[in-house]
Amino acid sequence: MTRVLYDISPLVPLVDSGFVLLTPNYRLARRIKSEWDAHQARSGATVWEPVPVQPLESWLQQQWQRAVALGLLPPLLEINTGQSLELWQQVIAKEESDADQYHLLRPAAAAELASQARETLLRWQVDTTQAGIRQLFGMDTDCATFLRWFDLYERRLAAAGQCMPVDCIRQLVSCEGKLPRARVALLEFDDVPPLYRTVVAALSEQLLEIAPAGEAGARHIYAFSDKRAELQAVARWAADTNRGQPSASLGIVLSDMATDRVALEYLLRREFDCLGENYTSLPVNFSTGISLDQAPVVRDALAALALVGPRTTVAAVLALLRSRFLDLPDAGTPLANYFVSRLFDAGRQELETADLRHMASAVRLGDQRGLSLGRHLLAVSTMRELRQRASPSAWIEHFCAVLAVWGWPGAGPLDSLEFQQVELWYRTLDEFRRYDAVCAPVDFDRALALLRSSCARQMSQPQTADCNVQVLGPLEAAGLAFDQLWLCGMQAGRWPAPARPNPFIPQSLQRRLQMPHATAEREWLFAAGLLEQYTRSTPVLHASYCRQLDDVPELPSALLDGFVPAQPTPATALDAQWTQQWQQRQLERIDDARAPPLEGDEAATVGGGSGLLEDQSQCPFRAFAKRRLQVEPLAGFTLALSAADRGSLLHDALNALWGSIGDHQALMALTDATEAQVVAEAVQGAILAFPAGRRRQLGSAYWQLEDQRLAALLREWLAVERMRGEFVVSQREQDVELALGQLQLRLRVDRIDTLPDGSQVIIDYKSGVSRVQDWLGERPAKPQLLLYGIAAPDTAAVLAFAQVRPRDSRFVGLGRVEAAPGIATDIEKVVKERMAATDWDSLNARWRENLERLAVEFLAGDARVDPLENASCSWCGLQPLCRIGAAEEEPA
């Protein structure tokens with residue numbers, strides 16, 4: 001026979017005798033009501049009085065309202081938790097400003113702790129006006145500071161005629177003998193605050209405390225390697241037991257509901273096969289939902305509102321583009337993808353909303369221009385009312401107007417859960433008006449912060465049918481009965497929980513009054529009481545723990561002494577049906593290493609300079625993906641300039657520097673003063689050529705440091721250039737056209753020097769480490785300079801990297817003549833066995849052959865995943881596309 005979630009048979013005589021039944025929480029009260037109604041229906045009744053059961057706090061609030069209605073207590077405006085926290089923050093900010101003795105890093109967190117401290121003090125009936133209590137607070141700096149906040153908060157409440165729920169309950173003490181007395185029964189209480197106990201006793205004609213009934217049944221303990229293994233086992237147990245005993249009531253208690261709920265829900269959906277079309281058919285009830293601000297439809301609404309502010313992040317923009325609740329019909333188009341790549345190319349995680357608006361409006365790809373994102377941002381930017389201060393209630397209309405521009409909640413149909421969440425959003429907006437009672441007019445940022453915190457405190461709980469599998473928190477499971485109950489996370493380090501005394505209440509006072517979380521002993525007694533309730537609530541109690549949590553070894557809770565060690569049902573690694581299908585598979589292997597040849601119109605549109613052949617040399621697939629598929633990995637974010645940006649700055653500065661100097665003779669004629677001036681002008685020219693928006697983002701102090709860095713590098717490089725013989729800088733940034741078979745390449749040479757004999761030195765600036773070995777072999781890793789050389793085979797006597805690095809600046813190259821220190825001329829010694837070349841001319845011939853072969857392979861569609869060396873993959877970024885790391889499947 002199925003075990004009901006609560007046995008009401010002991011309560012029937014109490015109800016018949018006129019007792020009011022009070023519970024610790026709403027969940028138990030609802031369960032008793034449900035069982036009472038079922039009991040009446042089974043007895044044949046067609047009409048019956050509702051059972052008088054409700055949570056203790058709710059009943060006390062009703063008594064306060066009755067006392068106010070009878071004129072026994074003054075009417076006060078009750079404020080909620082959000083309003084109270086806002087009032088606390090105002091009080092703290094004022095006292096901090098007046099005292100000027102401390103500065104809080106997290107005022108909102110301080111307000112939370114202060115609110116909890118006041119609640120505890122009132123519930124434990126601590127009179128802060130007594131001299132002895134105030135003296136005790138004065139012995140600790142934090143407690144003394146809190147007491148000043150407390151006094152100011154009390155004055156603000158009194159002046160405004162406001163109160164918190166605990167204030168209402170405290171006032172009921174004075175109503176003893178004035179309100180009609182009731183017969184009261186407290187059900188399943190393990191801990192009642194002294195204030196509540198005093199008030200209930202004062203208002204009761206007769207007070208009974210009903211202790212939990214039942215005896216301990218079988219108790220088992222399971223050990224798991226980690227948290228995921230534990231949750232997997234729990235989900236598998238719930239599904240297997242539910243299939244074997246469909247009418248059995250099962251409970252799962254999560255000691256850390258906030259952390260484990262999402263993971264357990266996924267695992268339960270997988271075990272119950274509710275991840276696809278059956279998503280809404282999960283036969284499990286969760287006692288708590290998710291906070292409203294985490295619900296996708298509301299999360300996206302808050303994200304759209306946040307774009308009214310001056311700054312945003314790339315991650316926030318990407319999340320908006322993926323939203324199906326906003327009117328962004330072009331979010332999946334090539335234009336939007338190009339826009340995203342532009343965002344990443346900027347290299348900044350944060351960007352100004354004005355820049356985002358301009359980029360989204362001006363982005364162009366072919367004939368397409370501008371995204372709906374830009375149009376929405378432009379429309380919102382014209383709303384002047386968003387730049388003014390207003391009351392919280394007035395901001396509701398502005399919030400709705402902004403969301404209307406974004407087309408929220410979208411044109412598509414909402415499912416049942418999303419519809420409930422949108423309804424809850426509007427109810428939250430209605431409650432948001434209550435902030436008028438504690439707030440002066442605020443600006444948009446503050447109004448949005450208040451709305452976000454309101455949504456964070458509002459729980460979105462789906463309205464679902466009652467199920468036989470319940471997932472609950474530790475307190476919500478107390479008092480309910482199950483056929484089987486499983487307690488998760490019963491590690492010694494978490495059950496009982498460590499003591500967490502409030503820092504704003506003297507610890508000696510907390511210990512003496514046994515306030516919540518004050519001592520380890522208090523936590524032990526509390527956890528032991530809960531475990532005792534669990535033990536009596538089910539004939540079969542399971543408990544589990546992890547042997548390791550966050551890389552820290554764990555032991556089972558000492559409270560589990562007496563539980564019998566057991567082994568969970570072995571997990572099936574893979575679904576049996578899937579395993580059978582996999583074993584019967586028939587593999588067909590297709591060689592896809594060759595793409596269609598490049599010809600016709602495509603050949604004319606494929607662009608690229610030396611980078612095309614460098615990609616082909618490094619890995620043929622990279623050249624195919626980047627040059628033909630137009631696939632580029634997204635750039636990374638950096639707080640400063642990227643390595644590429646710094647290299648470009650150095651390149652521009654060197655180009656300007658040699659534009660001013662011109663030749664070796666002028667270099668040698670420079671005095672210290674003129675050199676400093678020429679260097680400064682070159683650096684400033686390079687910096688001013690950098691995009692103004694990026695310069696503004698980094699700030700003037702950063703650019704002063706960059707100026708110093710570049711100037712030092714240029715002076716170091718000029719010292720290297722002085723060691724050379726005569727030369728003239730004949731060309732800078734020279735464009736060169738080169739044909740390798742049918743492949744047309746457009747090149748740009750950094751610098752060409754002419755020697756006295758008319759031969760040329762072709763120079764490529766590099767800020768990284770350079771080596772001539774990158775030119776050798778059938779697939780040269782860095783073919784850029786080689787292409788420059790074969791473009792002018794008769795005059796190029798030297799190919800050289802100008803390696804401009806702090807304390808490591810030098811020339812690295814090969815040539816017919818030693819035009820500078822670091823340029824090798826013994827070709828046969830350098831190439832050794834890697835290339836069949838003995839002199840400069842034969843080496844150039846081998847280079848041309850290798851480069852022409854790479855060009856032919858690219859044109860023929862060679863797309864092998866064949867990286868030149870391991871380092872090629874470290875900065876490629878195309879691994880998700882080429883799947884080079886995927887293990888090759890063994891033949892069956």
# chains A, B, ... in the order shown; residues from 1 in each chain; ligands from 1
>>> residues_around(residues="region 544-550 of chain A", least_positions_apart="5", cutoff="7 Å", atoms="only C-alpha atoms", output="ChimeraX atom specification")
/A:221-227,230,487-491,555-556
>>> closest_residue(among="A:Met359, A:Leu21, A:Leu560, A:Leu254", to="Leu207 (chain A)", atoms="only C-alpha atoms")
A:Leu21
>>> closest_residue(among="A:Gln135, A:Leu654, A:Phe504, A:Phe344", to="Trp149 (chain A)", atoms="only C-alpha atoms")
A:Phe504
>>> closest_atom_pairs(of="region 632-678 of chain A", to="region 720-744 of chain A", cutoff="8 Å", atoms="only C-alpha atoms", output="CSV")
residue,atom,partner,partner_atom,distance
A:Asn655,CA,A:Arg732,CA,6.8
A:Trp658,CA,A:Val729,CA,7.2
A:Gly659,CA,A:Arg732,CA,7.9
A:Gly662,CA,A:Val729,CA,5.5
A:Asp663,CA,A:Val728,CA,4.3
A:His664,CA,A:Phe727,CA,5.5
A:Gln665,CA,A:Glu726,CA,7.1
A:Leu667,CA,A:Arg722,CA,7.2
A:Met668,CA,A:Arg722,CA,6.8
>>> residues_around(residues="Leu814 (chain A)", least_positions_apart="6", cutoff="9 Å", atoms="only C-alpha atoms", output="PyMOL selection string")
chain A and resi 772+797-800+822-827+830+840
>>> residues_around(residues="region 562-569 of chain A", least_positions_apart="5", cutoff="12 Å", atoms="only C-alpha atoms", output="PyMOL selection string")
chain A and resi 216-224+229-238+240-241+490+531+535+540-545+556-557
>>> write_last_selection(atoms="N, CA, C and O atoms", output="CSV table (one decimal), in the first residue's frame")
chain,number,residue,atom,x,y,z
A,216,ALA,N,12.2,4.2,13.7
A,216,ALA,CA,13.2,4.1,12.7
A,216,ALA,C,13.1,2.8,11.9
A,216,ALA,O,12.8,1.8,12.5
A,217,GLY,N,13.3,2.9,10.6
A,217,GLY,CA,13.3,1.7,9.8
A,217,GLY,C,14.7,1.3,9.3
A,217,GLY,O,15.7,1.6,10.0
A,218,ALA,N,14.8,0.7,8.2
A,218,ALA,CA,16.1,0.4,7.6
A,218,ALA,C,16.9,1.6,7.2
A,218,ALA,O,16.3,2.6,6.7
A,219,ARG,N,18.2,1.7,7.5
A,219,ARG,CA,19.0,2.8,7.2
A,219,ARG,C,20.3,2.4,6.5
A,219,ARG,O,21.0,1.5,7.0
A,220,HIS,N,20.5,2.9,5.3
A,220,HIS,CA,21.6,2.5,4.5
A,220,HIS,C,22.5,3.7,4.2
A,220,HIS,O,22.0,4.8,4.0
A,221,ILE,N,23.8,3.5,4.1
A,221,ILE,CA,24.7,4.6,3.7
A,221,ILE,C,25.5,4.1,2.5
A,221,ILE,O,26.0,3.0,2.4
A,222,TYR,N,25.7,5.1,1.5
A,222,TYR,CA,26.5,4.8,0.3
A,222,TYR,C,27.6,5.8,0.2
A,222,TYR,O,27.4,7.0,0.5
A,223,ALA,N,28.7,5.3,-0.3
A,223,ALA,CA,29.9,6.2,-0.6
A,223,ALA,C,30.1,6.3,-2.1
A,223,ALA,O,30.0,5.3,-2.8
A,224,PHE,N,30.4,7.5,-2.6
A,224,PHE,CA,30.6,7.7,-4.0
A,224,PHE,C,31.9,8.5,-4.2
A,224,PHE,O,32.4,9.2,-3.3
A,229,ALA,N,28.9,11.3,-9.5
A,229,ALA,CA,28.6,9.9,-9.4
A,229,ALA,C,27.4,9.7,-8.3
A,229,ALA,O,26.5,8.8,-8.5
A,230,GLU,N,27.4,10.5,-7.3
A,230,GLU,CA,26.4,10.4,-6.3
A,230,GLU,C,25.0,10.8,-6.9
A,230,GLU,O,24.0,10.1,-6.7
A,231,LEU,N,25.0,11.9,-7.6
A,231,LEU,CA,23.7,12.4,-8.2
A,231,LEU,C,23.2,11.4,-9.3
A,231,LEU,O,22.0,11.2,-9.4
A,232,GLN,N,24.2,10.8,-10.0
A,232,GLN,CA,23.8,9.8,-11.0
A,232,GLN,C,23.1,8.6,-10.4
A,232,GLN,O,22.1,8.1,-10.9
A,233,ALA,N,23.7,8.2,-9.3
A,233,ALA,CA,23.1,7.0,-8.6
A,233,ALA,C,21.7,7.4,-8.0
A,233,ALA,O,20.8,6.5,-8.1
A,234,VAL,N,21.6,8.5,-7.5
A,234,VAL,CA,20.3,8.9,-6.9
A,234,VAL,C,19.2,9.0,-8.0
A,234,VAL,O,18.1,8.5,-7.9
A,235,ALA,N,19.6,9.6,-9.2
A,235,ALA,CA,18.6,9.7,-10.3
A,235,ALA,C,18.3,8.3,-10.8
A,235,ALA,O,17.1,8.0,-11.1
A,236,ARG,N,19.2,7.4,-10.9
A,236,ARG,CA,19.0,6.1,-11.4
A,236,ARG,C,18.1,5.3,-10.4
A,236,ARG,O,17.2,4.6,-10.8
A,237,TRP,N,18.4,5.5,-9.1
A,237,TRP,CA,17.5,4.8,-8.0
A,237,TRP,C,16.1,5.3,-8.1
A,237,TRP,O,15.1,4.5,-8.0
A,238,ALA,N,15.9,6.6,-8.3
A,238,ALA,CA,14.5,7.2,-8.4
A,238,ALA,C,13.8,6.6,-9.6
A,238,ALA,O,12.6,6.2,-9.5
A,240,ASP,N,14.4,3.8,-11.4
A,240,ASP,CA,14.2,2.4,-11.3
A,240,ASP,C,13.1,2.0,-10.2
A,240,ASP,O,12.3,1.2,-10.5
A,241,THR,N,13.1,2.7,-9.1
A,241,THR,CA,12.1,2.4,-8.1
A,241,THR,C,10.8,2.9,-8.5
A,241,THR,O,9.8,2.2,-8.3
A,490,MET,N,25.8,14.0,2.5
A,490,MET,CA,26.0,13.8,4.0
A,490,MET,C,27.4,13.7,4.4
A,490,MET,O,27.8,12.8,5.1
A,531,LEU,N,17.6,14.9,11.3
A,531,LEU,CA,17.9,13.6,10.9
A,531,LEU,C,16.9,12.6,11.7
A,531,LEU,O,16.4,11.6,11.1
A,535,THR,N,14.3,10.0,10.0
A,535,THR,CA,14.4,8.6,10.3
A,535,THR,C,13.0,8.1,10.6
A,535,THR,O,12.6,7.0,10.2
A,540,VAL,N,12.4,3.2,4.9
A,540,VAL,CA,13.7,2.9,4.3
A,540,VAL,C,14.4,4.3,4.1
A,540,VAL,O,13.9,5.1,3.3
A,541,LEU,N,15.5,4.5,4.8
A,541,LEU,CA,16.2,5.8,4.7
A,541,LEU,C,17.6,5.5,4.1
A,541,LEU,O,18.4,4.7,4.6
A,542,HIS,N,17.9,6.2,3.0
A,542,HIS,CA,19.2,6.1,2.3
A,542,HIS,C,19.9,7.4,2.6
A,542,HIS,O,19.3,8.5,2.6
A,543,ALA,N,21.2,7.3,2.8
A,543,ALA,CA,22.1,8.4,2.9
A,543,ALA,C,23.3,8.2,2.1
A,543,ALA,O,23.8,7.1,2.0
A,544,SER,N,23.9,9.3,1.5
A,544,SER,CA,25.1,9.1,0.7
A,544,SER,C,26.0,10.3,0.9
A,544,SER,O,25.6,11.4,1.3
A,545,TYR,N,27.3,10.1,0.6
A,545,TYR,CA,28.3,11.1,0.7
A,545,TYR,C,29.3,10.9,-0.4
A,545,TYR,O,29.4,9.8,-1.0
A,556,PRO,N,32.1,10.4,6.0
A,556,PRO,CA,30.7,10.5,6.2
A,556,PRO,C,30.4,11.3,7.5
A,556,PRO,O,31.2,11.3,8.4
A,557,SER,N,29.2,11.9,7.6
A,557,SER,CA,28.8,12.6,8.8
A,557,SER,C,28.8,11.7,10.0
A,557,SER,O,28.3,10.5,9.9
>>> residues_around(residues="region 641-647 of chain A", least_positions_apart="2", cutoff="10 Å", atoms="only C-alpha atoms", output="ChimeraX atom specification")
/A:345-348,635-639,649-653,690,694-695,698,702,706,710,765-768,804
